[in-house]
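Trainee: Structure below; questions to follow.
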There are 2 protein chains.
Amino acid sequence: MVRPREFDEAEVLSAALKCFWARGFEATSMRDLIARTGITGASLYNAFGDKRALYEKALDRYVEGSVAARIERCSALPPREAIEAFFADIVARSLGDPDRKGCMLVNAALEVAPHDPAIRRAVAGVLTEIETFFRQCILAGQADGSIAHSQPADDLARHLLGILMGLRVLARVRPERALLEGLLRPAMALLEPRPN
Amino acid sequence: MVRPREFDEAEVLSAALKCFWARGFEATSMRDLIARTGITGASLYNAFGDKRALYEKALDRYVEGSVAARIERCSALPPREAIEAFFADIVARSLGDPDRKGCMLVNAALEVAPHDPAIRRAVAGVLTEIETFFRQCILAGQADGSIAHSQPADDLARHLLGILMGLRVLARVRPERALLEGLLRPAMALLEPRPN
DNA sequence: TGTGTTTTATAACGTTTGTTCTAAAAATCA
DNA sequence: TGATTTTTAGAACAAACGTTATAAAACACA
């Protein structure tokens with residue numbers, strides 16, 4: 001090794017992530033990335049490979065920093081509160097998103113995944129992790145009595161995953177608190193152990 | 001008027017719709033459109049305006065032919081069956097979609113709407129129409145006893161809209177019957193008038 | 001203090017992008 | 001039939017695309 005990097009690889013990846021998150025893959029040009037990261041094209045290609053590889057790394061970073069971090073944060077709570085805190089966080093972020101960037105995982109699921117098998121596998125894997133998180137919360141909640149047994153845990157987990165995806169889509173077009181919280185209430189009622 | 005068109009405007013719009021639906025706005029080039037519609041670029045611009053205007057017209061046509069048509073079809077049924085038929089149709093289409101095109105309205109909501117106010121208003125309007133369809137079904141069902149009063153009709157309608165969006169996102173990444181039908185079961189159980 | 005290796009900067013590459021210009025072809029109305 | 005007007009066809013446009021080639025600059029190790 002002879003000459004060290006003049007830039008912080010993590011900072012550059014963060015800047016690239018911001019671009020891809022806000023504008024998507026196709027609409028983000030290499031020149032955008034060069035301008036926003038502050039390093040030259042040669043350095044970008046040298047450090048991360050081509051545009052697609054850079055996108056993949058940026059998506060990985062998003063998943064670690066946003067999705068996985070949220071799951072870990074909520075996992076520390078009792079099961080029922082974990083689910084409620086999870087969605088409360090999603091609603092808060094969706095309403096406080098003036099650029100309407102939405103969730104990069106959902107964006108990737110629709111823009112890139114259909115045409116890129118590797119990205120699709122990655123996205124599908126993360127979605128399965130979220131589903132597993134929900135299922136574990138539900139199983140624990142059903143065991144300690146804080147969540148109803150009215151539906152199988154598998155179905156409830158799938159249901160919450162669907163609600164999560166739907167919430168993130170709706171928030172990008174109609175970021176209204178009444179809509180987001182309203183659509184959530186029946187889902188939470190479904191978990192209520194005391195029947196109506 | 002001196003020289004008549006040599007092409008059928010509706011056919012050309014259908015061909016353009018197929019392109020935009022399958023590949024999205026950015027990834028569909030004018031040359032793709034020229035090749036698939038079979039008419040020349042000059043004729044395309046003359047008849048429909050620029051690429052964005054063509055996309056807007058194609059999206060309108062999709063909404064009329066797919067979304068509005070489904071609502072009309074289901075509206076003929078009793079309220080509870082209308083909702084079930086609606087989602088059964090969505091699941092069937094999602095599972096029988098080898099190209100993974102998904103729903104063009106959802107695609108537009110994520111790819112185009114955030115950067116195009118006119119398209120966003122159009123998409124938001126259609127989503128509100130779907131929500132209204134759900135609410136009317138629920139109100140009618142609550143009146144005739146086929147749907148539970150456990151939740152306000154407004155919330156149930158929002159909930160179903162969210163489930164619909166989530167289903168269409170998940171189907172593009174994990175088009176598995178168990179997932180789609182499993183996610184739907186708790187939502188349908190929520191409508192069940194007989195409490196658990 | 002050279003020598004070797006990697007990163008830097010910039011220009012350039014050939015495509016492809018959306019759009020428009022030019023001119024030929026076609027059909028109605030006089 | 002001739003004049004007029006629109007639609008065609010296809011080349012051409014400048015700009016932007018992702019990517020790479022070239023050479024200067026910067027450090028580690030001898």
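Starting from 1 in every chain, residues are counted up; chains themselves are A, B, ... following the order of the structure tokens, and ligands are numbered from 1 as listed.
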Give me, as JSON lines, each residue of chain A that comes within 7 Å of chain B, together with its shortest interatomic pair and the distance in Å at one decimal, counting only C-alpha atoms, with rows ordered by chain and rising residue number.
Mentor:
{"residue": "A:Glu26", "atom": "CA", "partner": "B:Glu26", "partner_atom": "CA", "distance": 6.6}
{"residue": "A:Arg100", "atom": "CA", "partner": "B:Pro114", "partner_atom": "CA", "distance": 6.3}
{"residue": "A:Asn107", "atom": "CA", "partner": "B:Leu110", "partner_atom": "CA", "distance": 6.7}
{"residue": "A:Ala109", "atom": "CA", "partner": "B:Val173", "partner_atom": "CA", "distance": 6.4}
{"residue": "A:Leu110", "atom": "CA", "partner": "B:Asn107", "partner_atom": "CA", "distance": 6.7}
{"residue": "A:Ala113", "atom": "CA", "partner": "B:Val173", "partner_atom": "CA", "distance": 6.9}
{"residue": "A:Pro114", "atom": "CA", "partner": "B:Arg100", "partner_atom": "CA", "distance": 6.3}
{"residue": "A:Arg120", "atom": "CA", "partner": "B:Val173", "partner_atom": "CA", "distance": 6.3}
{"residue": "A:Ala124", "atom": "CA", "partner": "B:Val173", "partner_atom": "CA", "distance": 5.9}
{"residue": "A:Ser150", "atom": "CA", "partner": "B:Asn196", "partner_atom": "CA", "distance": 6.5}
{"residue": "A:Gln151", "atom": "CA", "partner": "B:Pro186", "partner_atom": "CA", "distance": 6.7}
{"residue": "A:Asp155", "atom": "CA", "partner": "B:Gly182", "partner_atom": "CA", "distance": 4.9}
{"residue": "A:Leu156", "atom": "CA", "partner": "B:Pro186", "partner_atom": "CA", "distance": 6.6}
{"residue": "A:Arg158", "atom": "CA", "partner": "B:Leu183", "partner_atom": "CA", "distance": 4.7}
{"residue": "A:His159", "atom": "CA", "partner": "B:Leu183", "partner_atom": "CA", "distance": 4.0}
{"residue": "A:Gly162", "atom": "CA", "partner": "B:Gly166", "partner_atom": "CA", "distance": 4.4}
{"residue": "A:Ile163", "atom": "CA", "partner": "B:Ile163", "partner_atom": "CA", "distance": 5.5}
{"residue": "A:Leu164", "atom": "CA", "partner": "B:Gly166", "partner_atom": "CA", "distance": 7.0}
{"residue": "A:Met165", "atom": "CA", "partner": "B:Gly166", "partner_atom": "CA", "distance": 4.5}
{"residue": "A:Gly166", "atom": "CA", "partner": "B:Gly166", "partner_atom": "CA", "distance": 3.8}
{"residue": "A:Leu167", "atom": "CA", "partner": "B:Gly162", "partner_atom": "CA", "distance": 5.9}
{"residue": "A:Val169", "atom": "CA", "partner": "B:Met165", "partner_atom": "CA", "distance": 6.7}
{"residue": "A:Arg172", "atom": "CA", "partner": "B:Pro114", "partner_atom": "CA", "distance": 6.8}
{"residue": "A:Val173", "atom": "CA", "partner": "B:Ala124", "partner_atom": "CA", "distance": 5.9}
{"residue": "A:Arg174", "atom": "CA", "partner": "B:Ala124", "partner_atom": "CA", "distance": 6.4}
{"residue": "A:Leu179", "atom": "CA", "partner": "B:Arg158", "partner_atom": "CA", "distance": 6.4}
{"residue": "A:Gly182", "atom": "CA", "partner": "B:Asp155", "partner_atom": "CA", "distance": 4.9}
{"residue": "A:Leu183", "atom": "CA", "partner": "B:His159", "partner_atom": "CA", "distance": 4.0}
{"residue": "A:Leu184", "atom": "CA", "partner": "B:His159", "partner_atom": "CA", "distance": 6.6}
{"residue": "A:Arg185", "atom": "CA", "partner": "B:Asp155", "partner_atom": "CA", "distance": 7.0}
{"residue": "A:Pro186", "atom": "CA", "partner": "B:Leu156", "partner_atom": "CA", "distance": 6.6}
{"residue": "A:Pro195", "atom": "CA", "partner": "B:Asn196", "partner_atom": "CA", "distance": 7.0}
{"residue": "A:Asn196", "atom": "CA", "partner": "B:Ser150", "partner_atom": "CA", "distance": 6.6}
Trainee: Set the distance at 12 Å and use only C-alpha atoms (C1' of nucleotides): which residues neighbour Ile39 in chain A once local chain neighbours fewer than 4 positions away are removed? I'd like the list as a PDB file with N, CA and C atoms (P, O5', C5', C4', C3', O3' and C1' of nucleotides), in the first residue's frame.
Mentor:
ATOM      1  N   ARG A   5      -6.210   6.727   0.739  1.00  0.00           N
ATOM      2  CA  ARG A   5      -7.382   7.430   0.222  1.00  0.00           C
ATOM      3  C   ARG A   5      -7.481   8.830   0.823  1.00  0.00           C
ATOM      4  N   GLU A   6      -7.904   9.752   0.018  1.00  0.00           N
ATOM      5  CA  GLU A   6      -8.077  11.118   0.522  1.00  0.00           C
ATOM      6  C   GLU A   6      -9.488  11.347   1.052  1.00  0.00           C
ATOM      7  N   PHE A   7     -10.364  10.360   0.865  1.00  0.00           N
ATOM      8  CA  PHE A   7     -11.753  10.544   1.292  1.00  0.00           C
ATOM      9  C   PHE A   7     -12.147   9.437   2.262  1.00  0.00           C
ATOM     10  N   ASP A   8     -13.184   9.705   3.025  1.00  0.00           N
ATOM     11  CA  ASP A   8     -13.717   8.711   3.946  1.00  0.00           C
ATOM     12  C   ASP A   8     -14.774   7.888   3.207  1.00  0.00           C
ATOM     13  N   GLU A   9     -14.475   6.617   3.048  1.00  0.00           N
ATOM     14  CA  GLU A   9     -15.345   5.748   2.260  1.00  0.00           C
ATOM     15  C   GLU A   9     -16.778   5.752   2.787  1.00  0.00           C
ATOM     16  N   GLU A  11     -18.330   8.176   4.410  1.00  0.00           N
ATOM     17  CA  GLU A  11     -18.978   9.454   4.097  1.00  0.00           C
ATOM     18  C   GLU A  11     -19.441   9.499   2.649  1.00  0.00           C
ATOM     19  N   VAL A  12     -18.592   9.007   1.759  1.00  0.00           N
ATOM     20  CA  VAL A  12     -18.943   8.993   0.340  1.00  0.00           C
ATOM     21  C   VAL A  12     -20.162   8.108   0.109  1.00  0.00           C
ATOM     22  N   LEU A  13     -20.156   6.953   0.767  1.00  0.00           N
ATOM     23  CA  LEU A  13     -21.290   6.045   0.603  1.00  0.00           C
ATOM     24  C   LEU A  13     -22.573   6.683   1.148  1.00  0.00           C
ATOM     25  N   ALA A  15     -23.267   9.883   1.147  1.00  0.00           N
ATOM     26  CA  ALA A  15     -23.696  10.881   0.180  1.00  0.00           C
ATOM     27  C   ALA A  15     -24.377  10.210  -1.012  1.00  0.00           C
ATOM     28  N   ALA A  16     -23.806   9.104  -1.470  1.00  0.00           N
ATOM     29  CA  ALA A  16     -24.407   8.369  -2.587  1.00  0.00           C
ATOM     30  C   ALA A  16     -25.776   7.830  -2.185  1.00  0.00           C
ATOM     31  N   MET A  30     -24.355   9.511 -12.727  1.00  0.00           N
ATOM     32  CA  MET A  30     -23.006   9.461 -12.177  1.00  0.00           C
ATOM     33  C   MET A  30     -22.489  10.861 -11.869  1.00  0.00           C
ATOM     34  N   ARG A  31     -22.883  11.826 -12.703  1.00  0.00           N
ATOM     35  CA  ARG A  31     -22.426  13.205 -12.463  1.00  0.00           C
ATOM     36  C   ARG A  31     -23.063  13.780 -11.197  1.00  0.00           C
ATOM     37  N   ASP A  32     -24.322  13.427 -10.935  1.00  0.00           N
ATOM     38  CA  ASP A  32     -24.929  13.777  -9.645  1.00  0.00           C
ATOM     39  C   ASP A  32     -24.068  13.233  -8.507  1.00  0.00           C
ATOM     40  N   LEU A  33     -23.748  11.949  -8.626  1.00  0.00           N
ATOM     41  CA  LEU A  33     -23.014  11.277  -7.554  1.00  0.00           C
ATOM     42  C   LEU A  33     -21.639  11.901  -7.360  1.00  0.00           C
ATOM     43  N   ILE A  34     -20.967  12.217  -8.472  1.00  0.00           N
ATOM     44  CA  ILE A  34     -19.651  12.840  -8.392  1.00  0.00           C
ATOM     45  C   ILE A  34     -19.759  14.197  -7.694  1.00  0.00           C
ATOM     46  N   ALA A  35     -20.792  14.968  -8.052  1.00  0.00           N
ATOM     47  CA  ALA A  35     -20.958  16.287  -7.449  1.00  0.00           C
ATOM     48  C   ALA A  35     -21.267  16.180  -5.959  1.00  0.00           C
ATOM     49  N   SER A  43     -12.251   7.926  -8.814  1.00  0.00           N
ATOM     50  CA  SER A  43     -12.201   7.426  -7.435  1.00  0.00           C
ATOM     51  C   SER A  43     -13.446   6.620  -7.103  1.00  0.00           C
ATOM     52  N   LEU A  44     -14.593   7.076  -7.603  1.00  0.00           N
ATOM     53  CA  LEU A  44     -15.836   6.350  -7.366  1.00  0.00           C
ATOM     54  C   LEU A  44     -15.765   4.950  -7.964  1.00  0.00           C
ATOM     55  N   TYR A  45     -15.347   4.895  -9.213  1.00  0.00           N
ATOM     56  CA  TYR A  45     -15.271   3.591  -9.881  1.00  0.00           C
ATOM     57  C   TYR A  45     -14.216   2.708  -9.222  1.00  0.00           C
ATOM     58  N   ASN A  46     -13.120   3.332  -8.824  1.00  0.00           N
ATOM     59  CA  ASN A  46     -12.046   2.571  -8.199  1.00  0.00           C
ATOM     60  C   ASN A  46     -12.486   1.980  -6.857  1.00  0.00           C
ATOM     61  N   ALA A  47     -13.236   2.745  -6.102  1.00  0.00           N
ATOM     62  CA  ALA A  47     -13.570   2.315  -4.737  1.00  0.00           C
ATOM     63  C   ALA A  47     -14.817   1.442  -4.677  1.00  0.00           C
TER      64      ALA A  47
ATOM     65  P    DT C   7      -6.045   2.698  -4.736  1.00  0.00           P
ATOM     66  O5'  DT C   7      -6.178   4.295  -4.719  1.00  0.00           O
ATOM     67  C5'  DT C   7      -5.621   5.024  -3.640  1.00  0.00           C
ATOM     68  C4'  DT C   7      -5.468   6.478  -4.057  1.00  0.00           C
ATOM     69  C3'  DT C   7      -6.761   7.125  -4.563  1.00  0.00           C
ATOM     70  O3'  DT C   7      -6.977   8.353  -3.889  1.00  0.00           O
ATOM     71  C1'  DT C   7      -4.996   7.496  -6.095  1.00  0.00           C
ATOM     72  P    DT C   8      -8.335   9.113  -4.030  1.00  0.00           P
ATOM     73  O5'  DT C   8      -7.982  10.219  -5.127  1.00  0.00           O
ATOM     74  C5'  DT C   8      -7.392  11.440  -4.764  1.00  0.00           C
ATOM     75  C4'  DT C   8      -6.750  12.066  -5.977  1.00  0.00           C
ATOM     76  C3'  DT C   8      -7.694  12.858  -6.863  1.00  0.00           C
ATOM     77  O3'  DT C   8      -7.662  14.219  -6.464  1.00  0.00           O
ATOM     78  C1'  DT C   8      -6.108  11.561  -8.135  1.00  0.00           C
ATOM     79  P    DA C   9      -8.922  15.111  -6.639  1.00  0.00           P
ATOM     80  O5'  DA C   9      -8.799  15.676  -8.121  1.00  0.00           O
ATOM     81  C5'  DA C   9      -7.627  16.383  -8.498  1.00  0.00           C
ATOM     82  C4'  DA C   9      -7.487  16.372 -10.011  1.00  0.00           C
ATOM     83  C3'  DA C   9      -8.726  16.861 -10.758  1.00  0.00           C
ATOM     84  O3'  DA C   9      -8.426  18.102 -11.378  1.00  0.00           O
ATOM     85  C1'  DA C   9      -7.791  14.894 -11.756  1.00  0.00           C
TER      86       DA C   9
END
Trainee: Report the distance between C1' of DT15 in chain C and CA of Arg52 in chain A in Å, rounded to one decimal place.
Mentor: 18.0 Å
Trainee: Could you tell me which of D:DA11, D:DC17, D:DT5, D:DT22 comes closest to DA12 in chain C if we count only C-alpha atoms (C1' of nucleotides)?
Mentor: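 Checking each of D:DA11, D:DC17, D:DT5, D:DT22 against DA12 in chain C, counting only C-alpha atoms (C1' of nucleotides), the winner is D:DT22.
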Trainee: Show me, as a PyMOL selection string, the residues of chain C whose atoms get within 7 Å of chain B, using only C-alpha atoms (C1' of nucleotides) for the distance check.
Mentor: chain C and resi 26-28
Trainee: Kindly provide the residues of chain D that approach chain B to within 12 Å, each paired with its closest atom pair and their distance in Å to one decimal, based on only C-alpha atoms (C1' of nucleotides), listed by chain and increasing number, as CSV.
Mentor:
residue,atom,partner,partner_atom,distance
D:DA3,C1',B:Val2,CA,11.8
D:DT4,C1',B:Val2,CA,8.3
D:DT5,C1',B:Val2,CA,5.7
D:DT6,C1',B:Arg3,CA,5.2
D:DT7,C1',B:Arg3,CA,6.4
D:DT8,C1',B:Ser43,CA,7.4
D:DA9,C1',B:Thr40,CA,7.2
D:DG10,C1',B:Thr40,CA,8.8
D:DA11,C1',B:Gly41,CA,12.0
